[in-house]
2 protein chains.
Amino acid sequence: MLKLSKKIEYGIQALQYMANNSGSVISAKEISEQLNIPYEFLSKTLQILNKNGIIISQQGIKGGYILARDPKSTTVAEIIKALEENAIIVDCLSNDQENCDRINFCTIKNPMNKLQEKINFLLNNTTIAEFSEV
Amino acid sequence: MLKLSKKIEYGIQALQYMANNSGSVISAKEISEQLNIPYEFLSKTLQILNKNGIIISQQGIKGGYILARDPKSTTVAEIIKALEENAIIVDCLSNDQENCDRINFCTIKNPMNKLQEKINFLLNNTTIAEFSEV
DNA sequence: TTAATTCGGATAACAATAGTCCGATTTTTA
DNA sequence: TAAAAATCGGACTATTGTTATCCGAATTAA
Ligand code: FES
Ligand code: FES
């Protein structure tokens, strides 16, 4: 398993949709219907993206969301972080793992870290804009 | 989430251990104790690696495992595959997903595939040998 | 023949993901 | 000013996937 969650997948596709319709405020309902994504789940996802500055919400009737920034400057890595997930390939490389019961036996931290950094590079260099230019 | 499973993590570390002790047959028990990995779970993992040609088993007392190939030629991608998992970042890119109910709405296949290929390149170019030269 | 090991199938415990429900709040507009 | 359509937020449920364990059988060296 090395899979992005549905939250991230839906989030990216929704941002892509907004990028392709920039200028107008897009509702969760519209995205949900156009992309066939479960409405309630998508709503939650967009709320988190809003809370963390990736998109801007407008409440009330006629409300919805718009991108907070240029699609070129919003990376997949930022989206993952904004959705309160991480892209750490082994627990080993996590910050809050003082309680790993294998830490004194760990022989993979360094090599795994090298691989991690390469993956991070990819995630940091893939932007929403690249999803728009289909 | 973009995490490797414990099966893969343990598998890689076990292979690394074998690479560092090449020449001798290593039992699951020894690896389990040396690396503090749950014995039964590790056993299963090694059995799968054996079945799929990454290591060679020797049964009976004094039995255990040795690497089937040069650590330099065993990649992380192969290990993942041998452990019957995959490293597909979104379902979209999977072979057996005729039943994705978003396929007619899918706008992420191409860009996701580009990212996938870059990740595949990393996994195909990281070998067990690199884990040994700590 | 015994002991230490792999083998293989089933199953259980746990955790994470995915999805839903519902009431409250906001804001436009008729 | 009331209604409608949207976001907000918390709790909750369902489902799936991961991790771990159990146990009996087969294998083989001593
Ligand atoms: S620190 Fe726990 S396995 Fe590396
Ligand atoms: S094919 Fe199902 S989301 Fe791309």
# chains A, B, ... in the order shown; residues from 1 in each chain; ligands from 1
>>> residues_near_ligand(ligand="ligand 2", cutoff="7 Å", atoms="only C-alpha atoms (C1' of nucleotides) and all ligand atoms", output="PyMOL selection string")
chain B and resi 91-92+100-103+106-109
>>> calpha_fit_and_write(fixed="chain B", moving="chain A", output="short mmCIF file (atom, residue, chain, number, x, y, z; two decimals) with N, CA, C and O atoms, in the first residue's frame")
data_model
loop_
_atom_site.label_atom_id
_atom_site.label_comp_id
_atom_site.auth_asym_id
_atom_site.auth_seq_id
_atom_site.Cartn_x
_atom_site.Cartn_y
_atom_site.Cartn_z
N MET A 1 -2.21 9.78 3.84
CA MET A 1 -1.54 8.49 3.95
C MET A 1 -0.80 8.11 2.67
O MET A 1 -1.38 8.07 1.61
N LEU A 2 0.44 7.85 2.85
CA LEU A 2 1.22 7.37 1.71
C LEU A 2 2.27 6.49 2.35
O LEU A 2 3.47 6.77 2.26
N LYS A 3 1.79 5.47 3.04
CA LYS A 3 2.68 4.69 3.87
C LYS A 3 2.84 3.27 3.36
O LYS A 3 1.90 2.68 2.85
N LEU A 4 4.03 2.76 3.53
CA LEU A 4 4.28 1.35 3.24
C LEU A 4 3.73 0.54 4.42
O LEU A 4 3.79 0.99 5.56
N SER A 5 3.22 -0.64 4.15
CA SER A 5 2.68 -1.46 5.23
C SER A 5 3.82 -2.04 6.07
O SER A 5 4.98 -2.05 5.67
N LYS A 6 3.44 -2.51 7.25
CA LYS A 6 4.42 -3.15 8.13
C LYS A 6 5.02 -4.37 7.45
O LYS A 6 6.20 -4.68 7.62
N LYS A 7 4.21 -5.05 6.67
CA LYS A 7 4.69 -6.23 5.95
C LYS A 7 5.88 -5.84 5.07
O LYS A 7 6.90 -6.52 5.05
N ILE A 8 5.73 -4.73 4.40
CA ILE A 8 6.81 -4.27 3.53
C ILE A 8 7.98 -3.74 4.36
O ILE A 8 9.14 -4.05 4.08
N GLU A 9 7.66 -2.99 5.38
CA GLU A 9 8.73 -2.45 6.23
C GLU A 9 9.54 -3.58 6.86
O GLU A 9 10.77 -3.59 6.80
N TYR A 10 8.85 -4.55 7.46
CA TYR A 10 9.54 -5.68 8.06
C TYR A 10 10.31 -6.46 7.00
O TYR A 10 11.43 -6.92 7.22
N GLY A 11 9.67 -6.64 5.86
CA GLY A 11 10.30 -7.40 4.79
C GLY A 11 11.60 -6.77 4.36
O GLY A 11 12.62 -7.46 4.23
N ILE A 12 11.58 -5.48 4.15
CA ILE A 12 12.79 -4.78 3.73
C ILE A 12 13.88 -4.90 4.80
O ILE A 12 15.03 -5.21 4.49
N GLN A 13 13.48 -4.69 6.04
CA GLN A 13 14.49 -4.74 7.09
C GLN A 13 15.06 -6.15 7.24
O GLN A 13 16.27 -6.33 7.47
N ALA A 14 14.23 -7.15 7.07
CA ALA A 14 14.71 -8.53 7.14
C ALA A 14 15.67 -8.83 6.00
O ALA A 14 16.71 -9.46 6.20
N LEU A 15 15.34 -8.36 4.82
CA LEU A 15 16.23 -8.58 3.67
C LEU A 15 17.56 -7.87 3.88
O LEU A 15 18.63 -8.39 3.56
N GLN A 16 17.48 -6.67 4.43
CA GLN A 16 18.69 -5.92 4.76
C GLN A 16 19.55 -6.74 5.73
O GLN A 16 20.76 -6.85 5.55
N TYR A 17 18.90 -7.33 6.72
CA TYR A 17 19.62 -8.14 7.71
C TYR A 17 20.30 -9.34 7.04
O TYR A 17 21.45 -9.65 7.31
N MET A 18 19.56 -9.97 6.14
CA MET A 18 20.15 -11.11 5.42
C MET A 18 21.31 -10.68 4.55
O MET A 18 22.32 -11.39 4.43
N ALA A 19 21.16 -9.51 3.94
CA ALA A 19 22.24 -9.01 3.08
C ALA A 19 23.51 -8.78 3.90
O ALA A 19 24.62 -9.03 3.42
N ASN A 20 23.30 -8.34 5.13
CA ASN A 20 24.45 -8.06 5.98
C ASN A 20 25.04 -9.33 6.61
O ASN A 20 26.05 -9.27 7.28
N ASN A 21 24.36 -10.44 6.42
CA ASN A 21 24.85 -11.71 6.95
C ASN A 21 24.86 -12.76 5.84
O ASN A 21 24.54 -13.92 6.06
N SER A 22 25.22 -12.31 4.68
CA SER A 22 25.12 -13.21 3.53
C SER A 22 26.07 -14.38 3.70
O SER A 22 27.13 -14.27 4.29
N GLY A 23 25.65 -15.50 3.16
CA GLY A 23 26.46 -16.70 3.30
C GLY A 23 25.83 -17.68 4.26
O GLY A 23 25.82 -18.87 4.01
N SER A 24 25.24 -17.14 5.34
CA SER A 24 24.62 -18.06 6.28
C SER A 24 23.10 -18.06 6.16
O SER A 24 22.50 -17.07 5.75
N VAL A 25 22.54 -19.21 6.54
CA VAL A 25 21.08 -19.34 6.56
C VAL A 25 20.58 -18.72 7.85
O VAL A 25 21.04 -19.06 8.93
N ILE A 26 19.61 -17.78 7.71
CA ILE A 26 19.11 -17.06 8.87
C ILE A 26 17.67 -17.47 9.16
O ILE A 26 16.84 -17.48 8.26
N SER A 27 17.39 -17.79 10.40
CA SER A 27 16.03 -18.21 10.75
C SER A 27 15.14 -17.00 11.04
O SER A 27 15.62 -15.92 11.40
N ALA A 28 13.85 -17.22 10.89
CA ALA A 28 12.88 -16.17 11.20
C ALA A 28 13.02 -15.76 12.66
O ALA A 28 12.90 -14.59 13.00
N LYS A 29 13.30 -16.74 13.49
CA LYS A 29 13.44 -16.46 14.92
C LYS A 29 14.57 -15.47 15.17
O LYS A 29 14.42 -14.50 15.92
N GLU A 30 15.70 -15.73 14.53
CA GLU A 30 16.85 -14.83 14.73
C GLU A 30 16.51 -13.40 14.30
O GLU A 30 16.76 -12.45 15.04
N ILE A 31 15.93 -13.27 13.13
CA ILE A 31 15.59 -11.94 12.64
C ILE A 31 14.60 -11.27 13.57
O ILE A 31 14.75 -10.11 13.96
N SER A 32 13.58 -12.03 13.94
CA SER A 32 12.55 -11.52 14.83
C SER A 32 13.16 -10.97 16.12
O SER A 32 12.80 -9.89 16.59
N GLU A 33 14.11 -11.73 16.68
CA GLU A 33 14.71 -11.30 17.95
C GLU A 33 15.66 -10.14 17.76
O GLU A 33 15.68 -9.18 18.53
N GLN A 34 16.46 -10.21 16.71
CA GLN A 34 17.46 -9.17 16.50
C GLN A 34 16.82 -7.83 16.13
O GLN A 34 17.36 -6.78 16.46
N LEU A 35 15.69 -7.89 15.46
CA LEU A 35 15.08 -6.64 15.00
C LEU A 35 13.81 -6.28 15.77
O LEU A 35 13.18 -5.27 15.48
N ASN A 36 13.46 -7.13 16.74
CA ASN A 36 12.27 -6.89 17.55
C ASN A 36 11.00 -6.79 16.70
O ASN A 36 10.17 -5.89 16.86
N ILE A 37 10.86 -7.74 15.82
CA ILE A 37 9.69 -7.82 14.95
C ILE A 37 8.86 -9.03 15.39
O ILE A 37 9.42 -10.09 15.65
N PRO A 38 7.51 -8.86 15.49
CA PRO A 38 6.66 -9.98 15.91
C PRO A 38 6.94 -11.24 15.09
O PRO A 38 6.85 -11.21 13.86
N TYR A 39 7.26 -12.32 15.78
CA TYR A 39 7.73 -13.53 15.11
C TYR A 39 6.76 -14.11 14.10
O TYR A 39 7.12 -14.39 12.96
N GLU A 40 5.51 -14.29 14.51
CA GLU A 40 4.54 -14.93 13.63
C GLU A 40 4.31 -14.11 12.37
O GLU A 40 4.22 -14.63 11.25
N PHE A 41 4.23 -12.83 12.58
CA PHE A 41 3.97 -11.93 11.45
C PHE A 41 5.14 -11.93 10.49
O PHE A 41 4.97 -11.99 9.27
N LEU A 42 6.34 -11.90 11.06
CA LEU A 42 7.54 -11.93 10.22
C LEU A 42 7.63 -13.24 9.44
O LEU A 42 7.96 -13.26 8.25
N SER A 43 7.29 -14.34 10.12
CA SER A 43 7.32 -15.64 9.47
C SER A 43 6.47 -15.63 8.20
O SER A 43 6.91 -16.05 7.14
N LYS A 44 5.25 -15.14 8.37
CA LYS A 44 4.34 -15.04 7.22
C LYS A 44 4.99 -14.24 6.10
O LYS A 44 4.98 -14.64 4.94
N THR A 45 5.55 -13.13 6.47
CA THR A 45 6.16 -12.24 5.49
C THR A 45 7.28 -12.95 4.73
O THR A 45 7.37 -12.89 3.50
N LEU A 46 8.12 -13.67 5.48
CA LEU A 46 9.25 -14.36 4.85
C LEU A 46 8.75 -15.50 3.96
O LEU A 46 9.33 -15.77 2.91
N GLN A 47 7.68 -16.14 4.37
CA GLN A 47 7.13 -17.22 3.55
C GLN A 47 6.66 -16.69 2.20
O GLN A 47 6.85 -17.34 1.17
N ILE A 48 6.08 -15.51 2.23
CA ILE A 48 5.62 -14.93 0.96
C ILE A 48 6.82 -14.54 0.09
O ILE A 48 6.83 -14.79 -1.11
N LEU A 49 7.82 -13.96 0.72
CA LEU A 49 9.03 -13.58 -0.03
C LEU A 49 9.69 -14.82 -0.63
O LEU A 49 10.24 -14.77 -1.73
N ASN A 50 9.62 -15.92 0.10
CA ASN A 50 10.17 -17.18 -0.41
C ASN A 50 9.36 -17.68 -1.60
O ASN A 50 9.92 -17.99 -2.65
N LYS A 51 8.05 -17.68 -1.42
CA LYS A 51 7.16 -18.17 -2.47
C LYS A 51 7.35 -17.38 -3.76
O LYS A 51 7.19 -17.90 -4.85
N ASN A 52 7.71 -16.13 -3.62
CA ASN A 52 7.83 -15.28 -4.80
C ASN A 52 9.27 -14.98 -5.21
O ASN A 52 9.54 -13.99 -5.91
N GLY A 53 10.15 -15.84 -4.75
CA GLY A 53 11.50 -15.84 -5.33
C GLY A 53 12.48 -14.78 -4.87
O GLY A 53 13.54 -14.63 -5.45
N ILE A 54 12.13 -14.06 -3.80
CA ILE A 54 13.08 -13.05 -3.31
C ILE A 54 14.11 -13.69 -2.39
O ILE A 54 15.27 -13.30 -2.35
N ILE A 55 13.67 -14.68 -1.62
CA ILE A 55 14.58 -15.42 -0.76
C ILE A 55 14.38 -16.91 -0.99
O ILE A 55 13.40 -17.32 -1.63
N ILE A 56 15.31 -17.71 -0.48
CA ILE A 56 15.23 -19.16 -0.63
C ILE A 56 15.16 -19.75 0.77
O ILE A 56 15.94 -19.38 1.65
N SER A 57 14.20 -20.66 0.96
CA SER A 57 14.04 -21.24 2.29
C SER A 57 14.74 -22.58 2.39
O SER A 57 14.88 -23.30 1.39
N GLN A 58 15.16 -22.87 3.58
CA GLN A 58 15.64 -24.23 3.87
C GLN A 58 14.87 -24.73 5.06
O GLN A 58 14.90 -24.13 6.14
N GLN A 59 14.15 -25.81 4.88
CA GLN A 59 13.30 -26.31 5.95
C GLN A 59 14.07 -27.14 6.96
O GLN A 59 15.25 -27.39 6.80
N GLY A 60 13.35 -27.56 7.99
CA GLY A 60 13.93 -28.42 9.01
C GLY A 60 14.77 -27.68 10.02
O GLY A 60 15.02 -26.48 9.90
N ILE A 61 15.19 -28.42 11.01
CA ILE A 61 16.06 -27.83 12.03
C ILE A 61 17.30 -27.30 11.30
O ILE A 61 17.71 -27.84 10.30
N LYS A 62 17.85 -26.25 11.82
CA LYS A 62 18.95 -25.54 11.15
C LYS A 62 18.50 -24.85 9.87
O LYS A 62 19.33 -24.41 9.07
N GLY A 63 17.20 -24.81 9.69
CA GLY A 63 16.68 -24.17 8.47
C GLY A 63 16.64 -22.66 8.62
O GLY A 63 17.06 -22.10 9.62
N GLY A 64 16.10 -22.04 7.59
CA GLY A 64 16.01 -20.58 7.58
C GLY A 64 15.97 -20.07 6.15
O GLY A 64 15.47 -20.75 5.26
N TYR A 65 16.48 -18.88 5.98
CA TYR A 65 16.40 -18.25 4.66
C TYR A 65 17.73 -17.63 4.24
O TYR A 65 18.51 -17.20 5.08
N ILE A 66 17.93 -17.57 2.94
CA ILE A 66 19.02 -16.77 2.38
C ILE A 66 18.48 -15.98 1.20
O ILE A 66 17.45 -16.35 0.61
N LEU A 67 19.14 -14.92 0.87
CA LEU A 67 18.73 -14.12 -0.28
C LEU A 67 18.84 -14.96 -1.55
O LEU A 67 19.78 -15.73 -1.72
N ALA A 68 17.89 -14.78 -2.43
CA ALA A 68 17.92 -15.52 -3.68
C ALA A 68 18.83 -14.86 -4.69
O ALA A 68 19.35 -15.51 -5.59
N ARG A 69 19.05 -13.56 -4.51
CA ARG A 69 19.81 -12.83 -5.52
C ARG A 69 20.74 -11.80 -4.88
O ARG A 69 20.67 -11.53 -3.68
N ASP A 70 21.53 -11.22 -5.69
CA ASP A 70 22.40 -10.12 -5.29
C ASP A 70 21.54 -8.96 -4.76
O ASP A 70 20.59 -8.54 -5.43
N PRO A 71 21.85 -8.47 -3.55
CA PRO A 71 21.09 -7.34 -3.00
C PRO A 71 21.02 -6.16 -3.96
O PRO A 71 20.06 -5.39 -3.95
N LYS A 72 22.03 -6.02 -4.78
CA LYS A 72 22.05 -4.90 -5.73
C LYS A 72 20.95 -5.01 -6.78
O LYS A 72 20.57 -4.03 -7.39
N SER A 73 20.46 -6.22 -6.98
CA SER A 73 19.48 -6.40 -8.06
C SER A 73 18.08 -6.65 -7.53
O SER A 73 17.18 -6.99 -8.28
N THR A 74 17.88 -6.49 -6.22
CA THR A 74 16.54 -6.63 -5.66
C THR A 74 16.03 -5.25 -5.28
O THR A 74 16.56 -4.62 -4.36
N THR A 75 15.01 -4.79 -5.99
CA THR A 75 14.52 -3.43 -5.77
C THR A 75 13.33 -3.40 -4.82
O THR A 75 12.66 -4.42 -4.60
N VAL A 76 13.10 -2.25 -4.27
CA VAL A 76 11.94 -2.05 -3.40
C VAL A 76 10.65 -2.35 -4.16
O VAL A 76 9.73 -2.98 -3.62
N ALA A 77 10.61 -1.96 -5.41
CA ALA A 77 9.42 -2.24 -6.23
C ALA A 77 9.16 -3.73 -6.31
O ALA A 77 8.01 -4.18 -6.18
N GLU A 78 10.22 -4.52 -6.49
CA GLU A 78 10.04 -5.97 -6.56
C GLU A 78 9.57 -6.55 -5.25
O GLU A 78 8.78 -7.50 -5.22
N ILE A 79 10.08 -6.01 -4.16
CA ILE A 79 9.68 -6.49 -2.84
C ILE A 79 8.20 -6.23 -2.61
O ILE A 79 7.47 -7.09 -2.14
N ILE A 80 7.76 -5.04 -2.95
CA ILE A 80 6.34 -4.71 -2.81
C ILE A 80 5.49 -5.68 -3.62
O ILE A 80 4.52 -6.24 -3.12
N LYS A 81 5.91 -5.91 -4.84
CA LYS A 81 5.16 -6.81 -5.71
C LYS A 81 5.18 -8.23 -5.15
O LYS A 81 4.16 -8.92 -5.11
N ALA A 82 6.36 -8.66 -4.70
CA ALA A 82 6.49 -10.01 -4.16
C ALA A 82 5.61 -10.20 -2.94
O ALA A 82 5.08 -11.29 -2.71
N LEU A 83 5.43 -9.14 -2.18
CA LEU A 83 4.58 -9.23 -0.98
C LEU A 83 3.11 -9.05 -1.31
O LEU A 83 2.27 -8.84 -0.44
N GLU A 84 2.83 -9.09 -2.60
CA GLU A 84 1.45 -9.09 -3.08
C GLU A 84 0.72 -7.80 -2.73
O GLU A 84 -0.47 -7.80 -2.47
N GLU A 85 1.49 -6.75 -2.73
CA GLU A 85 0.86 -5.45 -2.57
C GLU A 85 1.19 -4.63 -3.81
O GLU A 85 1.89 -5.10 -4.71
N ASN A 86 0.67 -3.43 -3.82
CA ASN A 86 1.06 -2.57 -4.91
C ASN A 86 1.30 -1.16 -4.41
O ASN A 86 1.02 -0.85 -3.27
N ALA A 87 1.83 -0.36 -5.28
CA ALA A 87 2.19 1.00 -4.89
C ALA A 87 1.50 1.98 -5.80
O ALA A 87 2.11 2.83 -6.42
N ILE A 88 0.18 1.81 -5.88
CA ILE A 88 -0.62 2.64 -6.78
C ILE A 88 -1.26 3.76 -5.98
O ILE A 88 -2.03 3.51 -5.04
N ILE A 89 -0.93 5.00 -6.32
CA ILE A 89 -1.33 6.12 -5.48
C ILE A 89 -2.82 6.45 -5.54
O ILE A 89 -3.36 6.96 -4.58
N VAL A 90 -3.50 6.13 -6.64
CA VAL A 90 -4.96 6.26 -6.70
C VAL A 90 -5.56 5.08 -7.46
O VAL A 90 -4.93 4.56 -8.39
N ASP A 91 -6.77 4.69 -7.06
CA ASP A 91 -7.42 3.52 -7.66
C ASP A 91 -7.46 3.62 -9.18
O ASP A 91 -7.35 2.63 -9.90
N CYS A 92 -7.70 4.84 -9.59
CA CYS A 92 -7.67 5.23 -10.99
C CYS A 92 -6.65 4.49 -11.85
O CYS A 92 -6.91 4.13 -12.99
N LEU A 93 -5.48 4.27 -11.30
CA LEU A 93 -4.37 3.73 -12.08
C LEU A 93 -4.25 2.22 -11.95
O LEU A 93 -3.36 1.60 -12.51
N SER A 94 -5.20 1.63 -11.23
CA SER A 94 -5.18 0.19 -11.05
C SER A 94 -5.71 -0.50 -12.30
O SER A 94 -6.48 0.05 -13.06
N ASN A 95 -5.28 -1.72 -12.49
CA ASN A 95 -5.75 -2.48 -13.65
C ASN A 95 -7.20 -2.91 -13.49
O ASN A 95 -8.04 -2.65 -14.35
N ASP A 96 -7.47 -3.56 -12.37
CA ASP A 96 -8.78 -4.16 -12.18
C ASP A 96 -9.76 -3.19 -11.53
O ASP A 96 -10.23 -3.41 -10.45
N GLN A 97 -10.05 -2.11 -12.21
CA GLN A 97 -11.06 -1.20 -11.65
C GLN A 97 -12.06 -0.82 -12.74
O GLN A 97 -12.20 0.34 -13.09
N GLU A 98 -12.71 -1.82 -13.26
CA GLU A 98 -13.75 -1.56 -14.25
C GLU A 98 -14.96 -0.94 -13.58
O GLU A 98 -15.80 -0.32 -14.21
N ASN A 99 -15.02 -1.12 -12.26
CA ASN A 99 -16.21 -0.71 -11.53
C ASN A 99 -16.07 0.61 -10.79
O ASN A 99 -16.80 0.88 -9.86
N CYS A 100 -15.12 1.44 -11.20
CA CYS A 100 -15.02 2.75 -10.58
C CYS A 100 -16.19 3.59 -11.05
O CYS A 100 -16.37 3.83 -12.23
N ASP A 101 -17.02 4.04 -10.08
CA ASP A 101 -18.23 4.76 -10.46
C ASP A 101 -17.94 6.22 -10.78
O ASP A 101 -18.84 7.05 -10.87
N ARG A 102 -16.68 6.55 -10.92
CA ARG A 102 -16.34 7.92 -11.30
C ARG A 102 -15.56 7.94 -12.61
O ARG A 102 -15.08 8.98 -13.03
N ILE A 103 -15.48 6.79 -13.26
CA ILE A 103 -14.63 6.70 -14.45
C ILE A 103 -15.07 7.67 -15.55
O ILE A 103 -14.25 8.22 -16.28
N ASN A 104 -16.38 7.92 -15.63
CA ASN A 104 -16.86 8.84 -16.67
C ASN A 104 -16.70 10.31 -16.27
O ASN A 104 -16.99 11.21 -17.04
N PHE A 105 -16.27 10.51 -15.04
CA PHE A 105 -16.08 11.87 -14.54
C PHE A 105 -14.60 12.13 -14.26
O PHE A 105 -14.23 13.17 -13.74
N CYS A 106 -13.79 11.15 -14.58
CA CYS A 106 -12.39 11.17 -14.15
C CYS A 106 -11.56 12.18 -14.93
O CYS A 106 -11.49 12.15 -16.14
N THR A 107 -10.94 13.06 -14.19
CA THR A 107 -10.11 14.08 -14.82
C THR A 107 -8.69 14.05 -14.27
O THR A 107 -7.90 14.96 -14.51
N ILE A 108 -8.40 13.00 -13.52
CA ILE A 108 -7.09 12.98 -12.86
C ILE A 108 -6.18 11.87 -13.35
O ILE A 108 -5.03 11.79 -12.95
N LYS A 109 -6.71 11.02 -14.21
CA LYS A 109 -5.95 9.84 -14.62
C LYS A 109 -4.59 10.21 -15.21
O LYS A 109 -3.55 9.70 -14.77
N ASN A 110 -4.59 11.11 -16.18
CA ASN A 110 -3.31 11.44 -16.81
C ASN A 110 -2.31 12.09 -15.88
O ASN A 110 -1.19 11.61 -15.76
N PRO A 111 -2.70 13.16 -15.20
CA PRO A 111 -1.71 13.78 -14.32
C PRO A 111 -1.27 12.86 -13.17
O PRO A 111 -0.09 12.85 -12.81
N MET A 112 -2.20 12.07 -12.66
CA MET A 112 -1.82 11.14 -11.60
C MET A 112 -0.84 10.10 -12.14
O MET A 112 0.07 9.66 -11.45
N ASN A 113 -1.08 9.71 -13.35
CA ASN A 113 -0.20 8.72 -13.95
C ASN A 113 1.24 9.24 -14.08
O ASN A 113 2.20 8.50 -13.87
N LYS A 114 1.35 10.50 -14.40
CA LYS A 114 2.70 11.08 -14.50
C LYS A 114 3.42 11.01 -13.16
O LYS A 114 4.59 10.64 -13.08
N LEU A 115 2.69 11.37 -12.12
CA LEU A 115 3.27 11.32 -10.78
C LEU A 115 3.61 9.88 -10.41
O LEU A 115 4.68 9.59 -9.86
N GLN A 116 2.70 8.98 -10.75
CA GLN A 116 2.92 7.56 -10.46
C GLN A 116 4.21 7.06 -11.11
O GLN A 116 4.99 6.33 -10.49
N GLU A 117 4.41 7.45 -12.34
CA GLU A 117 5.60 6.95 -13.05
C GLU A 117 6.89 7.44 -12.39
O GLU A 117 7.89 6.71 -12.36
N LYS A 118 6.84 8.63 -11.86
CA LYS A 118 8.03 9.15 -11.17
C LYS A 118 8.30 8.37 -9.89
O LYS A 118 9.43 8.08 -9.54
N ILE A 119 7.21 8.05 -9.18
CA ILE A 119 7.36 7.26 -7.96
C ILE A 119 7.87 5.86 -8.31
O ILE A 119 8.77 5.33 -7.66
N ASN A 120 7.30 5.29 -9.36
CA ASN A 120 7.77 3.97 -9.79
C ASN A 120 9.27 3.99 -10.09
O ASN A 120 9.98 3.04 -9.76
N PHE A 121 9.70 5.06 -10.71
CA PHE A 121 11.13 5.17 -11.02
C PHE A 121 11.96 5.07 -9.74
O PHE A 121 12.95 4.35 -9.68
N LEU A 122 11.53 5.78 -8.72
CA LEU A 122 12.26 5.74 -7.45
C LEU A 122 12.27 4.33 -6.86
O LEU A 122 13.31 3.84 -6.44
N LEU A 123 11.10 3.69 -6.86
CA LEU A 123 11.00 2.36 -6.26
C LEU A 123 11.79 1.32 -7.05
O LEU A 123 12.34 0.37 -6.50
N ASN A 124 11.86 1.55 -8.35
CA ASN A 124 12.61 0.63 -9.20
C ASN A 124 14.12 0.85 -9.10
O ASN A 124 14.90 0.03 -9.56
N ASN A 125 14.49 1.96 -8.53
CA ASN A 125 15.91 2.28 -8.47
C ASN A 125 16.46 2.36 -7.05
O ASN A 125 17.53 2.89 -6.83
N THR A 126 15.67 1.81 -6.13
CA THR A 126 16.18 1.69 -4.76
C THR A 126 16.31 0.21 -4.47
O THR A 126 15.34 -0.54 -4.58
N THR A 127 17.51 -0.22 -4.14
CA THR A 127 17.75 -1.65 -3.94
C THR A 127 18.07 -1.97 -2.48
O THR A 127 18.36 -1.08 -1.69
N ILE A 128 18.00 -3.24 -2.18
CA ILE A 128 18.37 -3.72 -0.85
C ILE A 128 19.81 -3.34 -0.51
O ILE A 128 20.12 -3.05 0.64
N ALA A 129 20.64 -3.33 -1.51
CA ALA A 129 22.04 -2.98 -1.28
C ALA A 129 22.15 -1.60 -0.64
O ALA A 129 22.97 -1.38 0.26
N GLU A 130 21.31 -0.68 -1.08
CA GLU A 130 21.36 0.67 -0.52
C GLU A 130 20.94 0.69 0.95
O GLU A 130 21.31 1.61 1.68
N PHE A 131 20.18 -0.31 1.35
CA PHE A 131 19.81 -0.39 2.76
C PHE A 131 20.94 -0.98 3.59
O PHE A 131 21.01 -0.77 4.79
N SER A 132 21.80 -1.71 2.95
CA SER A 132 22.90 -2.33 3.69
C SER A 132 24.00 -1.33 3.99
O SER A 132 24.56 -1.31 5.08
N GLU A 133 24.31 -0.50 3.02
CA GLU A 133 25.38 0.48 3.24
C GLU A 133 24.87 1.60 4.13
O GLU A 133 24.74 2.73 3.70
N VAL A 134 24.56 1.25 5.38
CA VAL A 134 24.09 2.28 6.30
C VAL A 134 25.26 3.17 6.65
O VAL A 134 25.26 4.35 6.50
#
>>> closest_atom_pairs(of="chain D", to="chain A", cutoff="6 Å", atoms="only C-alpha atoms (C1' of nucleotides)", output="CSV")
residue,atom,partner,partner_atom,distance
D:DA5,C1',A:Ile61,CA,4.3
D:DA6,C1',A:Ile61,CA,4.5
D:DT7,C1',A:Gln59,CA,5.1
>>> select_by_dssp(residues="stretch 27-134 of chain A", states="alpha helix (DSSP H)", output="VMD selection string")
chain A and resid 28 to 35 39 to 51 76 to 82 109 to 124 128 to 132
>>> atom_distance(atom1="atom C1' of D:DT13", atom2="atom C1' of C:DG19")
8.4 Å
>>> select_by_dssp(residues="chain A", states="strand (DSSP E or B)", output="list in words")
Ile26, Ile55, Ile56, Ser57, Gln58, Gly64, Tyr65, Ile66, Leu67, Thr75 and Thr127 of chain A
>>> write_last_selection(atoms="N, CA and C atoms", output="short mmCIF file (atom, residue, chain, number, x, y, z; two decimals), in the first residue's frame")
data_model
loop_
_atom_site.label_atom_id
_atom_site.label_comp_id
_atom_site.auth_asym_id
_atom_site.auth_seq_id
_atom_site.Cartn_x
_atom_site.Cartn_y
_atom_site.Cartn_z
N ILE A 26 -17.60 28.25 -6.65
CA ILE A 26 -18.15 26.94 -6.96
C ILE A 26 -18.65 26.27 -5.68
N ILE A 55 -8.27 27.03 -0.05
CA ILE A 55 -9.39 27.66 -0.75
C ILE A 55 -10.04 28.67 0.18
N ILE A 56 -10.90 29.52 -0.40
CA ILE A 56 -11.60 30.53 0.38
C ILE A 56 -13.09 30.25 0.24
N SER A 57 -13.78 30.24 1.38
CA SER A 57 -15.21 29.93 1.33
C SER A 57 -16.05 31.21 1.34
N GLN A 58 -17.18 31.10 0.73
CA GLN A 58 -18.17 32.17 0.86
C GLN A 58 -19.45 31.53 1.33
N GLY A 64 -19.99 29.23 -1.77
CA GLY A 64 -19.16 28.17 -2.36
C GLY A 64 -17.69 28.46 -2.08
N TYR A 65 -16.86 28.02 -2.99
CA TYR A 65 -15.42 28.14 -2.77
C TYR A 65 -14.69 28.66 -4.01
N ILE A 66 -13.59 29.34 -3.76
CA ILE A 66 -12.65 29.66 -4.84
C ILE A 66 -11.25 29.36 -4.36
N LEU A 67 -10.35 29.16 -5.28
CA LEU A 67 -8.96 28.91 -4.92
C LEU A 67 -8.39 30.12 -4.20
N THR A 75 0.97 23.03 -4.22
CA THR A 75 1.55 21.72 -4.51
C THR A 75 0.75 20.59 -3.86
N THR A 127 2.09 20.47 -8.99
CA THR A 127 1.11 21.49 -8.59
C THR A 127 -0.26 21.23 -9.20
#
